[in-house]
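Report on one structure; see the data block that follows.
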Amino acid sequence: MKMKIRNKAAFTDVETGLERDNRRISYEAALEGIVLLENDGTLPLKPGKIALYGAGAGMTIKGGTGSGEVRERHVVSILEGMEKAGFTVTTRRWIEEYAKRYQEGEKEYAAEFQRKLLKPWKLDMINFISSPYQYPSSQPVTEQDVKDSDTDTCIYVVARQAGEGTDRSLGEKGYRLSDEEKAGLAMCAANYGKMIVVVNVGSVFDMSFLEEIPGINAVVYYSQQGMMGGSAFADLVCGKTSPSGKTSDTWPKNYEDIPGAMDYSYLNGNTDEEYYREGIYVGYRYFDTYGVEPRYPFGHGLSYTTFSVEKKSVELSGSKVRVCARVTNTGKAYAGKETLQLYVSCPQTGMNKEYQRLAAFAKTGELQPGESQELTLAFDLRDLTSYREEDGSYVLEAGDYVLKLGTSSRNTTPAAVMEARKEITAAVCRNICRREHAVREIEPPMNMDTCEYQDGELERYIIEDDAVETVTYSYEEKADALFPYTRKLLEKLTGEELCDLVSGDGGSGGNKFFEAPGVAGCTTSALQKKGIPNICMADGPAGLRLQKVSAVTRRGTVKGTEPNVSVMGCLPEPVKKVMLGNQERQPCVYQFTTSFPVGTALAQTWNTELIERVGEAVGKEMEAYGITYWLAPGMNIHRNPLCGRNFEYFSEDPLLTGKMAAAMSRGVQTRKGCFVTVKHFCCNNQEENRNRMNANVNERALREIYLKGFEIAVREGRPGAVMTSYNKVNGTYANNSMDLVTHVLRDEWGFDGLVMTDWYATGKGLGSHVKAIEAGNDLLMPGGKKAARELKKALEEGILEEEDLKRCAGRVLQGIMSSRIYQAYRRLKKEEA
């Protein structure tokens with residue numbers, strides 16, 4: 001590929017001020033995203049000798065595989081972080097032996113790949129990409145290892161990595177410990193006085209070993225914390241900072257406790273059809289409603305200090321609710337932060353509802369012992385409505401709404417009661433994504449008590465009958481929101497050129513105006529003569545995924561000096577020499593980006609201000625490297641812990657998910673001409689057979705759980721783009737769904753940005769190119785000449801209406817003309833003139 005490089009700083013590998021600033025933000029996010037799950041007082045530790053074992057000790061996993069990978073300059077492992085914090089790791093020999101075992105397995109994996117290259121009919125390239133090398137989960141810990149470690153303190157780091165294209169196995173390579181790990185943990189727990197287990201996994205993990213192995217004193221959920229996680233972990237362990245992370249998911253005692261556990265994805269043998277029989281009862285909504293005891297509840301996290309929560313006031317004004325509370329650090333030794341959570345139990349007077357739902361949350365600053373801070377938690381009564389499918393309405397049913405303040409879903413106290421004396425209709429919608437036959441959902445529990453208070457104990461507030469104004473949505477075609485100069489340029493394009501504009505570049509190079517090495521894709525470069533340059537998109541969501549170092553050949557071709565996809569590392573050396581650039585002999589382009597904690601870890605901060613700063617940091621790197629659309633944040637609901645991409649997403653809860661995505665969007669888009677792409681819209685809750693899987697879900701669950709987070713992100717974050725998912729929803733591909741892309745996203749939520757497909761989500765046997773445009777899916781990615789030709793043919797035959805095509809092309813063009821690249825293109829053209 002050819003590229004015009006205008007940034008002289010790109011030719012130096014000297015660390016920049018931006019790198020240093022963003023590294024600090026990554027550290028701060030990791031610091032608040034690590035969750036202390038259990039602690040009997042063993043933590044914090046004073047620096048000294050320590051035994052460190054486990055797959056994640058020296059090779060700590062920073063994030064997942066696939067499009068979520070980031071190419072940073074350096075990752076701080078737990079080993080490195082502990083040593084920098086003043087600890088002496090006495091098990092380096094064990095860690096080095098594990099590294100050798102890892103490397104030997106990696107070589108065997110590459111050899112097997114190369115053998116299959118000789119028999120291409122046996123090579124499943126997709127399987128190799130989606131199922132990278134499975135590293136050894138551990139190695140034995142012997143009595144001699146314990147003796148040689150010369151300490152009574154041990155940290156054992158359990159590690160797992162997942163990625164796109166496949167779901168986690170329920171066995172020892174995914175969700176559960178291996179027998180070897182259990183033996184190692186048992187050996188350590190029996191021989192060390194202080195035993196800490198660290199879970200270096202991107203999503204919920206099976207913790208049943210805690211009942212089987214006595215002597216474990218503390219458990220830390222490290223998750224996957226990006227490039228600075230090792231430093232953050234060490235600072236938490238030694239008490240420099242008190243843990244403040246909270247779980248963003250419910251952790252079950254047993255996997256089977258999850259509704260529909262054994263019907264998920266590949267477990268029932270049918271990956272074509274997925275039935276969302278749990279309805280609205282996802283995560284804590286199920287556990288709290290059905291009385292199933294979790295191992296760790298939603299919103300749980302320990303600290304080195306303690307806090308008290310005191311309700312100060314409740315204010316109900318129209319549809320706005322404000323609850324003020326004072327949080328006090330009641331400890332004597334450690335400063336810390338606390339997250340205040342507000343839940344509401346809605347009346348069971350009509351539709352069945354969950355026991356409670358999260359309505360608002362807020363996090364304190366760092367409070368010294370004895371220090372207090374008042375927090376205000378605010379929400380709108382619309383957030384408490386339920387969707388009634390029969391008449392397509394969001395309604396606030398009559399009855400008592402109990403407000404509960406607390407620090408997790410299982411640690412709350414009733415604070416006030418709001419009473420609706422009559423049913424209030426908040427919105428009237430058209431039904432969407434209807435099935436011929438509804439999904440048969442699980443039966444709700446009978447006679448559920450959500451009150452937990454006696455009459456007269458709590459302040460009672462009356463919700464006025466007209467407190468919520470009824471919104472009746474219109475689904476008529478609306479005028480576009482194009483700038484006048486965008487419309488003027490759009491009118492100059494022929495039908496053929498419009499087809500090119502809504503099709504990506506196909507990833508085949510071409511004479512681009514600009515390209516950053518390693519980008520996921522670009523818009524077409526075929527319209528430069530019409531004054532339309534291409535713009536670039538980079539993967540996410542743990543940071544920008546670009547080629548770290550690229551060599552520039554004499555012909556101006558830019559080649560990465562190392563594999564950008566892990567499977568490329570398995571290719572024979574002669575092949576890699578042709579595909580890759582030579583860093584020693586050719587001038588290089590450097591793009592050192594920051595790897596931040598994964599989505600789950602960011603959500604565990606419960607700190608929207610911090611997430612907004614993470615977004616701004618990403619936006620600054622987008623400016624530096626010329627990226628217009630960041631393909632993030634990922635925000636699909638954690639419906640089941642086995643989803644292979646849960647690490648990229650935030651939570652099981654739509655409110656927490658939406659608030660995090662909105663904060664990230666606001667942060668990125670403080671940088672003019674830089675846009676986020678919230679994804680994957682919608683119901684991309686499994687990876688097995690994701691290109692053809694059909695999510696069968698009733699409309700109420702669809703709206704209240706799987707669309708709600710996207711709605712919050714769109715309304716509060718105003719993202720520049722939305723990416724549709726691979727899967728079908730009730731029989732129609734998401735990218736072909738007029739209901740989802742136009743009626744909900746644009747007509748109901750007012751979204752006026754760009755909608756793009758996921759990569760290769762349309763084509764033969766998948767979503768239709770033409771129907772995607774008709775539905776309002778503006779940009780086909782990666783598109784290419786074949787997609788453009790199909791659109792041109794449909795246009796000529798009258799199958800595709802020019803107005804539909806022009807509407808989509810206008811939004812693509814609007815994004816291009818709002819970009820920094822377009823401004824640079826205009827300046828260059830003026831200089832040349």
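Each chain of the structure tokens is named A, B, ... in the order shown, its residues numbered from 1; ligands are numbered from 1 in display order.
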Per-residue DSSP, stretch 129-332 of chain A, filtered to helix (DSSP H, G or I), as a short mmCIF file (atom, residue, chain, number, x, y, z; two decimals) with all heavy atoms, in the first residue's frame:
data_model
loop_
_atom_site.label_atom_id
_atom_site.label_comp_id
_atom_site.auth_asym_id
_atom_site.auth_seq_id
_atom_site.Cartn_x
_atom_site.Cartn_y
_atom_site.Cartn_z
N ILE A 129 -7.37 -18.18 13.16
CA ILE A 129 -7.46 -16.79 13.59
C ILE A 129 -8.27 -16.65 14.86
O ILE A 129 -7.90 -15.94 15.79
CB ILE A 129 -8.07 -15.93 12.46
CG1 ILE A 129 -7.09 -15.86 11.28
CG2 ILE A 129 -8.39 -14.52 12.96
CD1 ILE A 129 -7.66 -15.17 10.06
N SER A 130 -9.41 -17.37 14.92
CA SER A 130 -10.28 -17.23 16.09
C SER A 130 -9.85 -18.10 17.26
O SER A 130 -10.32 -17.91 18.38
CB SER A 130 -11.73 -17.57 15.70
OG SER A 130 -11.84 -18.91 15.27
N GLU A 143 7.41 -28.95 46.17
CA GLU A 143 7.86 -28.64 47.53
C GLU A 143 9.20 -27.90 47.50
O GLU A 143 9.45 -27.03 48.33
CB GLU A 143 7.97 -29.92 48.35
CG GLU A 143 6.63 -30.57 48.66
CD GLU A 143 6.79 -31.81 49.52
OE1 GLU A 143 7.94 -32.15 49.89
OE2 GLU A 143 5.76 -32.45 49.82
N GLN A 144 10.02 -28.26 46.51
CA GLN A 144 11.32 -27.58 46.39
C GLN A 144 11.13 -26.12 45.98
O GLN A 144 11.86 -25.24 46.47
CB GLN A 144 12.19 -28.30 45.35
CG GLN A 144 13.63 -27.84 45.33
CD GLN A 144 14.36 -28.11 46.65
OE1 GLN A 144 14.26 -29.20 47.19
NE2 GLN A 144 15.07 -27.12 47.16
N ASP A 145 10.14 -25.86 45.10
CA ASP A 145 9.85 -24.47 44.73
C ASP A 145 9.47 -23.66 45.97
O ASP A 145 9.94 -22.52 46.15
CB ASP A 145 8.68 -24.41 43.73
CG ASP A 145 9.05 -24.96 42.36
OD1 ASP A 145 10.20 -24.77 41.94
OD2 ASP A 145 8.17 -25.58 41.73
N VAL A 146 8.65 -24.24 46.80
CA VAL A 146 8.21 -23.55 48.01
C VAL A 146 9.40 -23.31 48.93
O VAL A 146 9.58 -22.20 49.47
CB VAL A 146 7.13 -24.37 48.74
CG1 VAL A 146 6.78 -23.72 50.08
CG2 VAL A 146 5.89 -24.51 47.87
N LYS A 147 10.22 -24.34 49.12
CA LYS A 147 11.38 -24.22 50.01
C LYS A 147 12.35 -23.16 49.51
O LYS A 147 12.83 -22.31 50.28
CB LYS A 147 12.08 -25.56 50.12
CG LYS A 147 13.27 -25.56 51.08
CD LYS A 147 13.90 -26.95 51.16
CE LYS A 147 15.11 -26.94 52.10
NZ LYS A 147 15.75 -28.29 52.18
N ASP A 148 12.61 -23.18 48.19
CA ASP A 148 13.57 -22.22 47.61
C ASP A 148 13.05 -20.79 47.63
O ASP A 148 13.84 -19.85 47.58
CB ASP A 148 13.89 -22.61 46.16
CG ASP A 148 14.68 -23.90 46.06
OD1 ASP A 148 15.22 -24.35 47.10
OD2 ASP A 148 14.75 -24.47 44.95
N SER A 149 11.73 -20.61 47.72
CA SER A 149 11.17 -19.25 47.68
C SER A 149 11.47 -18.46 48.95
O SER A 149 11.46 -17.23 48.93
CB SER A 149 9.65 -19.31 47.45
OG SER A 149 8.98 -19.86 48.56
N ASP A 179 -6.67 -29.06 36.32
CA ASP A 179 -6.24 -29.88 37.46
C ASP A 179 -4.85 -29.46 37.92
O ASP A 179 -4.55 -29.48 39.13
CB ASP A 179 -6.24 -31.36 37.07
CG ASP A 179 -7.66 -31.90 36.88
OD1 ASP A 179 -8.61 -31.29 37.40
OD2 ASP A 179 -7.80 -32.93 36.19
N GLU A 180 -4.00 -29.08 36.97
CA GLU A 180 -2.64 -28.66 37.31
C GLU A 180 -2.67 -27.38 38.15
O GLU A 180 -1.91 -27.23 39.12
CB GLU A 180 -1.84 -28.43 36.02
CG GLU A 180 -0.36 -28.29 36.24
CD GLU A 180 0.41 -28.31 34.94
OE1 GLU A 180 0.01 -27.61 33.98
OE2 GLU A 180 1.42 -29.03 34.86
N GLU A 181 -3.55 -26.45 37.78
CA GLU A 181 -3.68 -25.22 38.56
C GLU A 181 -4.23 -25.50 39.96
O GLU A 181 -3.76 -24.92 40.96
CB GLU A 181 -4.60 -24.23 37.83
CG GLU A 181 -3.95 -23.54 36.65
CD GLU A 181 -4.93 -22.74 35.84
OE1 GLU A 181 -6.03 -23.25 35.54
OE2 GLU A 181 -4.62 -21.59 35.48
N LYS A 182 -5.22 -26.37 40.04
CA LYS A 182 -5.77 -26.71 41.35
C LYS A 182 -4.69 -27.30 42.25
O LYS A 182 -4.59 -26.97 43.44
CB LYS A 182 -6.92 -27.70 41.20
CG LYS A 182 -8.19 -27.09 40.65
CD LYS A 182 -9.31 -28.14 40.60
CE LYS A 182 -10.59 -27.55 40.04
NZ LYS A 182 -11.68 -28.56 39.97
N ALA A 183 -3.87 -28.19 41.67
CA ALA A 183 -2.80 -28.80 42.46
C ALA A 183 -1.79 -27.74 42.90
O ALA A 183 -1.31 -27.75 44.04
CB ALA A 183 -2.10 -29.89 41.63
N GLY A 184 -1.48 -26.81 42.01
CA GLY A 184 -0.54 -25.75 42.35
C GLY A 184 -1.08 -24.84 43.44
O GLY A 184 -0.37 -24.46 44.38
N LEU A 185 -2.36 -24.48 43.33
CA LEU A 185 -2.99 -23.64 44.34
C LEU A 185 -3.04 -24.35 45.69
O LEU A 185 -2.79 -23.74 46.74
CB LEU A 185 -4.41 -23.26 43.91
CG LEU A 185 -4.54 -22.14 42.87
CD1 LEU A 185 -5.98 -22.05 42.38
CD2 LEU A 185 -4.10 -20.81 43.45
N ALA A 186 -3.37 -25.64 45.66
CA ALA A 186 -3.44 -26.41 46.91
C ALA A 186 -2.06 -26.49 47.57
O ALA A 186 -1.93 -26.36 48.80
CB ALA A 186 -3.98 -27.80 46.63
N MET A 187 -1.02 -26.68 46.76
CA MET A 187 0.34 -26.74 47.29
C MET A 187 0.71 -25.40 47.95
O MET A 187 1.25 -25.36 49.06
CB MET A 187 1.31 -27.06 46.15
CG MET A 187 2.79 -26.94 46.53
SD MET A 187 3.34 -28.14 47.77
CE MET A 187 3.38 -29.63 46.76
N CYS A 188 0.37 -24.31 47.27
CA CYS A 188 0.71 -22.99 47.80
C CYS A 188 -0.10 -22.67 49.06
O CYS A 188 0.44 -22.17 50.06
CB CYS A 188 0.47 -21.92 46.74
SG CYS A 188 1.59 -22.03 45.32
N ALA A 189 -1.39 -22.96 49.02
CA ALA A 189 -2.25 -22.64 50.16
C ALA A 189 -1.84 -23.42 51.41
O ALA A 189 -1.99 -22.94 52.54
CB ALA A 189 -3.70 -22.93 49.82
N ALA A 190 -1.31 -24.62 51.22
CA ALA A 190 -0.93 -25.45 52.35
C ALA A 190 0.44 -25.08 52.92
O ALA A 190 0.75 -25.45 54.06
CB ALA A 190 -0.92 -26.93 51.93
N ASN A 191 1.23 -24.35 52.14
CA ASN A 191 2.61 -24.12 52.57
C ASN A 191 2.98 -22.66 52.79
O ASN A 191 4.09 -22.37 53.27
CB ASN A 191 3.57 -24.73 51.53
CG ASN A 191 3.58 -26.24 51.57
OD1 ASN A 191 4.26 -26.84 52.41
ND2 ASN A 191 2.83 -26.87 50.67
N PHE A 209 -13.29 -23.38 43.26
CA PHE A 209 -12.12 -23.94 43.93
C PHE A 209 -11.93 -23.36 45.33
O PHE A 209 -11.21 -23.94 46.14
CB PHE A 209 -10.86 -23.69 43.08
CG PHE A 209 -10.50 -22.25 42.89
CD1 PHE A 209 -9.72 -21.57 43.82
CD2 PHE A 209 -10.92 -21.56 41.77
CE1 PHE A 209 -9.37 -20.24 43.65
CE2 PHE A 209 -10.59 -20.22 41.58
CZ PHE A 209 -9.82 -19.57 42.53
N LEU A 210 -12.58 -22.24 45.61
CA LEU A 210 -12.44 -21.65 46.94
C LEU A 210 -13.03 -22.56 48.01
O LEU A 210 -12.59 -22.53 49.17
CB LEU A 210 -13.12 -20.28 46.99
CG LEU A 210 -12.48 -19.17 46.15
CD1 LEU A 210 -13.30 -17.90 46.21
CD2 LEU A 210 -11.05 -18.90 46.60
N GLU A 211 -14.05 -23.36 47.65
CA GLU A 211 -14.60 -24.32 48.59
C GLU A 211 -13.72 -25.57 48.70
O GLU A 211 -13.75 -26.27 49.71
CB GLU A 211 -16.00 -24.76 48.17
CG GLU A 211 -17.09 -23.78 48.58
CD GLU A 211 -17.34 -22.74 47.50
OE1 GLU A 211 -17.36 -23.09 46.32
OE2 GLU A 211 -17.50 -21.57 47.85
N GLU A 212 -12.96 -25.85 47.66
CA GLU A 212 -12.17 -27.08 47.62
C GLU A 212 -10.78 -26.92 48.24
O GLU A 212 -10.19 -27.89 48.72
CB GLU A 212 -12.01 -27.53 46.16
CG GLU A 212 -13.33 -27.76 45.43
CD GLU A 212 -13.14 -27.93 43.93
OE1 GLU A 212 -11.99 -28.20 43.51
OE2 GLU A 212 -14.12 -27.77 43.18
N GLY A 226 -4.54 -3.67 30.56
CA GLY A 226 -3.75 -2.87 29.64
C GLY A 226 -2.29 -2.81 30.02
O GLY A 226 -1.77 -3.63 30.78
N MET A 227 -1.61 -1.79 29.50
CA MET A 227 -0.15 -1.73 29.57
C MET A 227 0.39 -1.38 30.95
O MET A 227 1.54 -1.66 31.26
CB MET A 227 0.37 -0.74 28.53
CG MET A 227 -0.02 0.70 28.78
SD MET A 227 0.38 1.77 27.37
CE MET A 227 2.17 1.72 27.37
N MET A 228 -0.40 -0.77 31.81
CA MET A 228 0.09 -0.33 33.12
C MET A 228 -0.52 -1.11 34.27
O MET A 228 -0.38 -0.73 35.43
CB MET A 228 -0.20 1.16 33.30
CG MET A 228 0.55 2.06 32.33
SD MET A 228 2.34 1.87 32.45
CE MET A 228 2.63 2.48 34.11
N GLY A 229 -1.17 -2.21 33.96
CA GLY A 229 -1.85 -2.99 34.98
C GLY A 229 -0.94 -3.51 36.07
O GLY A 229 -1.30 -3.53 37.25
N GLY A 230 0.27 -3.95 35.71
CA GLY A 230 1.20 -4.48 36.70
C GLY A 230 1.59 -3.45 37.74
O GLY A 230 1.71 -3.76 38.94
N SER A 231 1.78 -2.22 37.31
CA SER A 231 2.11 -1.14 38.25
C SER A 231 0.94 -0.83 39.16
O SER A 231 1.11 -0.64 40.38
CB SER A 231 2.51 0.12 37.48
OG SER A 231 3.69 -0.09 36.74
N ALA A 232 -0.27 -0.78 38.60
CA ALA A 232 -1.46 -0.49 39.40
C ALA A 232 -1.68 -1.59 40.43
O ALA A 232 -1.98 -1.32 41.59
CB ALA A 232 -2.68 -0.35 38.48
N PHE A 233 -1.52 -2.83 40.01
CA PHE A 233 -1.71 -3.97 40.91
C PHE A 233 -0.76 -3.89 42.10
O PHE A 233 -1.16 -4.04 43.25
CB PHE A 233 -1.51 -5.27 40.15
CG PHE A 233 -1.52 -6.50 41.03
CD1 PHE A 233 -2.71 -7.05 41.45
CD2 PHE A 233 -0.33 -7.08 41.44
CE1 PHE A 233 -2.73 -8.18 42.26
CE2 PHE A 233 -0.34 -8.20 42.26
CZ PHE A 233 -1.54 -8.75 42.67
N ALA A 234 0.50 -3.63 41.80
CA ALA A 234 1.50 -3.57 42.87
C ALA A 234 1.19 -2.46 43.86
O ALA A 234 1.34 -2.63 45.08
CB ALA A 234 2.89 -3.39 42.27
N ASP A 235 0.76 -1.32 43.36
CA ASP A 235 0.45 -0.20 44.25
C ASP A 235 -0.77 -0.50 45.13
O ASP A 235 -0.86 -0.02 46.27
CB ASP A 235 0.21 1.07 43.43
CG ASP A 235 1.52 1.64 42.88
OD1 ASP A 235 2.59 1.21 43.34
OD2 ASP A 235 1.46 2.52 42.01
N LEU A 236 -1.71 -1.29 44.61
CA LEU A 236 -2.85 -1.69 45.43
C LEU A 236 -2.43 -2.72 46.47
O LEU A 236 -2.84 -2.65 47.63
CB LEU A 236 -3.95 -2.27 44.54
CG LEU A 236 -4.71 -1.30 43.64
CD1 LEU A 236 -5.67 -2.05 42.73
CD2 LEU A 236 -5.48 -0.28 44.46
N VAL A 237 -1.61 -3.67 46.06
CA VAL A 237 -1.20 -4.75 46.96
C VAL A 237 -0.42 -4.22 48.16
O VAL A 237 -0.57 -4.70 49.29
CB VAL A 237 -0.38 -5.81 46.19
CG1 VAL A 237 0.37 -6.74 47.14
CG2 VAL A 237 -1.30 -6.64 45.30
N TYR A 255 -21.81 -22.23 37.40
CA TYR A 255 -22.22 -21.77 36.08
C TYR A 255 -23.69 -22.09 35.82
O TYR A 255 -24.42 -21.28 35.23
CB TYR A 255 -21.35 -22.43 35.01
CG TYR A 255 -21.84 -22.14 33.60
CD1 TYR A 255 -21.63 -20.90 33.02
CD2 TYR A 255 -22.55 -23.11 32.87
CE1 TYR A 255 -22.11 -20.61 31.74
CE2 TYR A 255 -23.03 -22.83 31.60
CZ TYR A 255 -22.81 -21.58 31.04
OH TYR A 255 -23.29 -21.31 29.78
N GLU A 256 -24.14 -23.24 36.29
CA GLU A 256 -25.51 -23.67 36.04
C GLU A 256 -26.55 -22.79 36.72
O GLU A 256 -27.75 -22.91 36.44
CB GLU A 256 -25.67 -25.13 36.50
CG GLU A 256 -24.91 -26.15 35.66
CD GLU A 256 -23.41 -26.15 35.93
OE1 GLU A 256 -22.98 -25.56 36.96
OE2 GLU A 256 -22.67 -26.74 35.13
N ASP A 257 -26.12 -21.90 37.63
CA ASP A 257 -27.06 -20.98 38.28
C ASP A 257 -27.60 -19.92 37.32
O ASP A 257 -28.61 -19.27 37.61
CB ASP A 257 -26.38 -20.27 39.46
CG ASP A 257 -26.08 -21.22 40.61
OD1 ASP A 257 -26.68 -22.30 40.66
OD2 ASP A 257 -25.23 -20.86 41.46
N ALA A 261 -28.27 -21.66 31.13
CA ALA A 261 -26.81 -21.84 31.07
C ALA A 261 -26.39 -22.87 30.03
O ALA A 261 -25.48 -22.62 29.23
CB ALA A 261 -26.29 -22.24 32.45
N MET A 262 -27.03 -24.01 30.02
CA MET A 262 -26.60 -25.10 29.14
C MET A 262 -27.23 -25.00 27.75
O MET A 262 -26.96 -25.84 26.89
CB MET A 262 -26.92 -26.45 29.77
CG MET A 262 -26.23 -26.67 31.11
SD MET A 262 -24.44 -26.30 31.09
CE MET A 262 -23.83 -27.55 29.94
N ASP A 263 -28.04 -23.98 27.51
CA ASP A 263 -28.58 -23.75 26.17
C ASP A 263 -27.79 -22.69 25.42
O ASP A 263 -28.09 -22.37 24.27
CB ASP A 263 -30.05 -23.29 26.26
CG ASP A 263 -30.99 -24.45 26.53
OD1 ASP A 263 -30.66 -25.58 26.13
OD2 ASP A 263 -32.05 -24.22 27.14
N SER A 265 -25.18 -20.76 23.25
CA SER A 265 -24.22 -20.92 22.16
C SER A 265 -24.06 -22.38 21.75
O SER A 265 -25.04 -23.07 21.46
CB SER A 265 -22.88 -20.29 22.56
OG SER A 265 -21.95 -20.29 21.50
N TYR A 266 -22.82 -22.87 21.76
CA TYR A 266 -22.51 -24.21 21.28
C TYR A 266 -22.94 -25.31 22.25
O TYR A 266 -22.95 -26.50 21.90
CB TYR A 266 -20.99 -24.35 21.05
CG TYR A 266 -20.19 -24.13 22.30
CD1 TYR A 266 -19.92 -25.18 23.18
CD2 TYR A 266 -19.71 -22.87 22.64
CE1 TYR A 266 -19.20 -24.97 24.35
CE2 TYR A 266 -19.00 -22.65 23.81
CZ TYR A 266 -18.74 -23.71 24.66
OH TYR A 266 -18.04 -23.50 25.81
N LEU A 267 -23.31 -24.97 23.49
CA LEU A 267 -23.54 -25.98 24.51
C LEU A 267 -24.74 -26.87 24.23
O LEU A 267 -24.79 -28.02 24.69
CB LEU A 267 -23.69 -25.32 25.89
CG LEU A 267 -22.44 -24.67 26.46
CD1 LEU A 267 -22.74 -23.97 27.78
CD2 LEU A 267 -21.33 -25.71 26.66
N ASN A 268 -25.72 -26.36 23.47
CA ASN A 268 -26.87 -27.20 23.14
C ASN A 268 -26.79 -27.77 21.73
O ASN A 268 -27.76 -28.36 21.23
CB ASN A 268 -28.18 -26.42 23.33
CG ASN A 268 -28.33 -25.29 22.32
OD1 ASN A 268 -27.45 -25.05 21.50
ND2 ASN A 268 -29.46 -24.59 22.38
N TYR A 284 -27.95 -9.67 37.60
CA TYR A 284 -28.51 -9.49 38.94
C TYR A 284 -30.03 -9.44 38.92
O TYR A 284 -30.70 -9.76 39.92
CB TYR A 284 -27.93 -8.24 39.61
CG TYR A 284 -28.43 -6.92 39.05
CD1 TYR A 284 -29.57 -6.31 39.56
CD2 TYR A 284 -27.75 -6.29 38.01
CE1 TYR A 284 -30.03 -5.11 39.04
CE2 TYR A 284 -28.20 -5.09 37.49
CZ TYR A 284 -29.34 -4.50 38.00
OH TYR A 284 -29.80 -3.31 37.48
N ARG A 285 -30.61 -9.03 37.79
CA ARG A 285 -32.07 -9.02 37.70
C ARG A 285 -32.64 -10.42 37.92
O ARG A 285 -33.72 -10.59 38.50
CB ARG A 285 -32.51 -8.48 36.33
CG ARG A 285 -32.38 -6.97 36.17
CD ARG A 285 -32.60 -6.60 34.71
NE ARG A 285 -32.87 -5.18 34.53
CZ ARG A 285 -31.95 -4.23 34.50
NH1 ARG A 285 -30.67 -4.56 34.65
NH2 ARG A 285 -32.28 -2.96 34.32
N TYR A 286 -31.91 -11.43 37.45
CA TYR A 286 -32.33 -12.81 37.67
C TYR A 286 -32.00 -13.26 39.10
O TYR A 286 -32.87 -13.75 39.82
CB TYR A 286 -31.65 -13.75 36.68
CG TYR A 286 -31.90 -15.21 36.98
CD1 TYR A 286 -33.12 -15.81 36.64
CD2 TYR A 286 -30.95 -15.98 37.64
CE1 TYR A 286 -33.37 -17.14 36.95
CE2 TYR A 286 -31.20 -17.31 37.95
CZ TYR A 286 -32.40 -17.89 37.60
OH TYR A 286 -32.65 -19.20 37.92
N PHE A 287 -30.77 -13.08 39.52
CA PHE A 287 -30.34 -13.57 40.82
C PHE A 287 -31.14 -12.93 41.96
O PHE A 287 -31.55 -13.60 42.90
CB PHE A 287 -28.85 -13.30 41.01
CG PHE A 287 -27.96 -14.27 40.28
CD1 PHE A 287 -27.71 -14.11 38.93
CD2 PHE A 287 -27.40 -15.35 40.93
CE1 PHE A 287 -26.92 -15.00 38.24
CE2 PHE A 287 -26.60 -16.25 40.25
CZ PHE A 287 -26.36 -16.09 38.90
N ASP A 288 -31.39 -11.62 41.86
CA ASP A 288 -32.13 -10.93 42.91
C ASP A 288 -33.62 -11.27 42.88
O ASP A 288 -34.26 -11.37 43.92
CB ASP A 288 -31.95 -9.41 42.78
CG ASP A 288 -30.52 -8.97 43.02
OD1 ASP A 288 -29.70 -9.81 43.45
OD2 ASP A 288 -30.21 -7.79 42.79
N THR A 289 -34.16 -11.48 41.70
CA THR A 289 -35.58 -11.76 41.56
C THR A 289 -35.93 -13.19 41.98
O THR A 289 -36.93 -13.43 42.66
CB THR A 289 -36.04 -11.53 40.11
OG1 THR A 289 -35.73 -10.19 39.72
CG2 THR A 289 -37.55 -11.76 39.96
N TYR A 290 -35.09 -14.12 41.59
CA TYR A 290 -35.38 -15.54 41.84
C TYR A 290 -34.74 -16.07 43.12
O TYR A 290 -34.82 -17.26 43.41
CB TYR A 290 -34.93 -16.38 40.63
CG TYR A 290 -35.82 -16.20 39.43
CD1 TYR A 290 -35.76 -15.06 38.64
CD2 TYR A 290 -36.76 -17.17 39.08
CE1 TYR A 290 -36.58 -14.88 37.54
CE2 TYR A 290 -37.59 -17.01 37.97
CZ TYR A 290 -37.49 -15.86 37.21
OH TYR A 290 -38.33 -15.70 36.12
#
Problem - Residue contacts of A:Gly776 (9 Å, only C-alpha atoms) excluding same-chain residues fewer than 4 positions away, as a PyMOL selection string - result: chain A and resi 735-738+741-742+755+771-772+804-805+807-808
Using 10 Å as the limit and counting only C-alpha atoms, can you tabulate each residue of stretch 387-452 of chain A that touches stretch 356-374 of chain A, with its shortest atom-to-atom distance in Å and the two atoms involved, as CSV?
residue,atom,partner,partner_atom,distance
A:Tyr401,CA,A:Gln356,CA,9.7
A:Val402,CA,A:Gln356,CA,8.9
A:Leu403,CA,A:Ala359,CA,9.0
A:Lys404,CA,A:Gln356,CA,8.9
A:Leu405,CA,A:Phe361,CA,9.5
A:Gly406,CA,A:Phe361,CA,9.6
A:Thr407,CA,A:Phe361,CA,9.4
A:Ser408,CA,A:Leu358,CA,9.9
A:Ser409,CA,A:Leu358,CA,8.2
A:Thr450,CA,A:Gln356,CA,7.8
Exercise for the section: Quick one: everything within 9 Å of A:Asp758, counting only C-alpha atoms, minus sequence neighbours fewer than 2 positions away in the same chain. Send it as a list in words. Expected result: Lys679, His680, Met723, Thr724, Ser725, Tyr726, Asn735, Met756, Tyr760, Ala761, Thr762, Leu780, Met781 and Pro782 of chain A
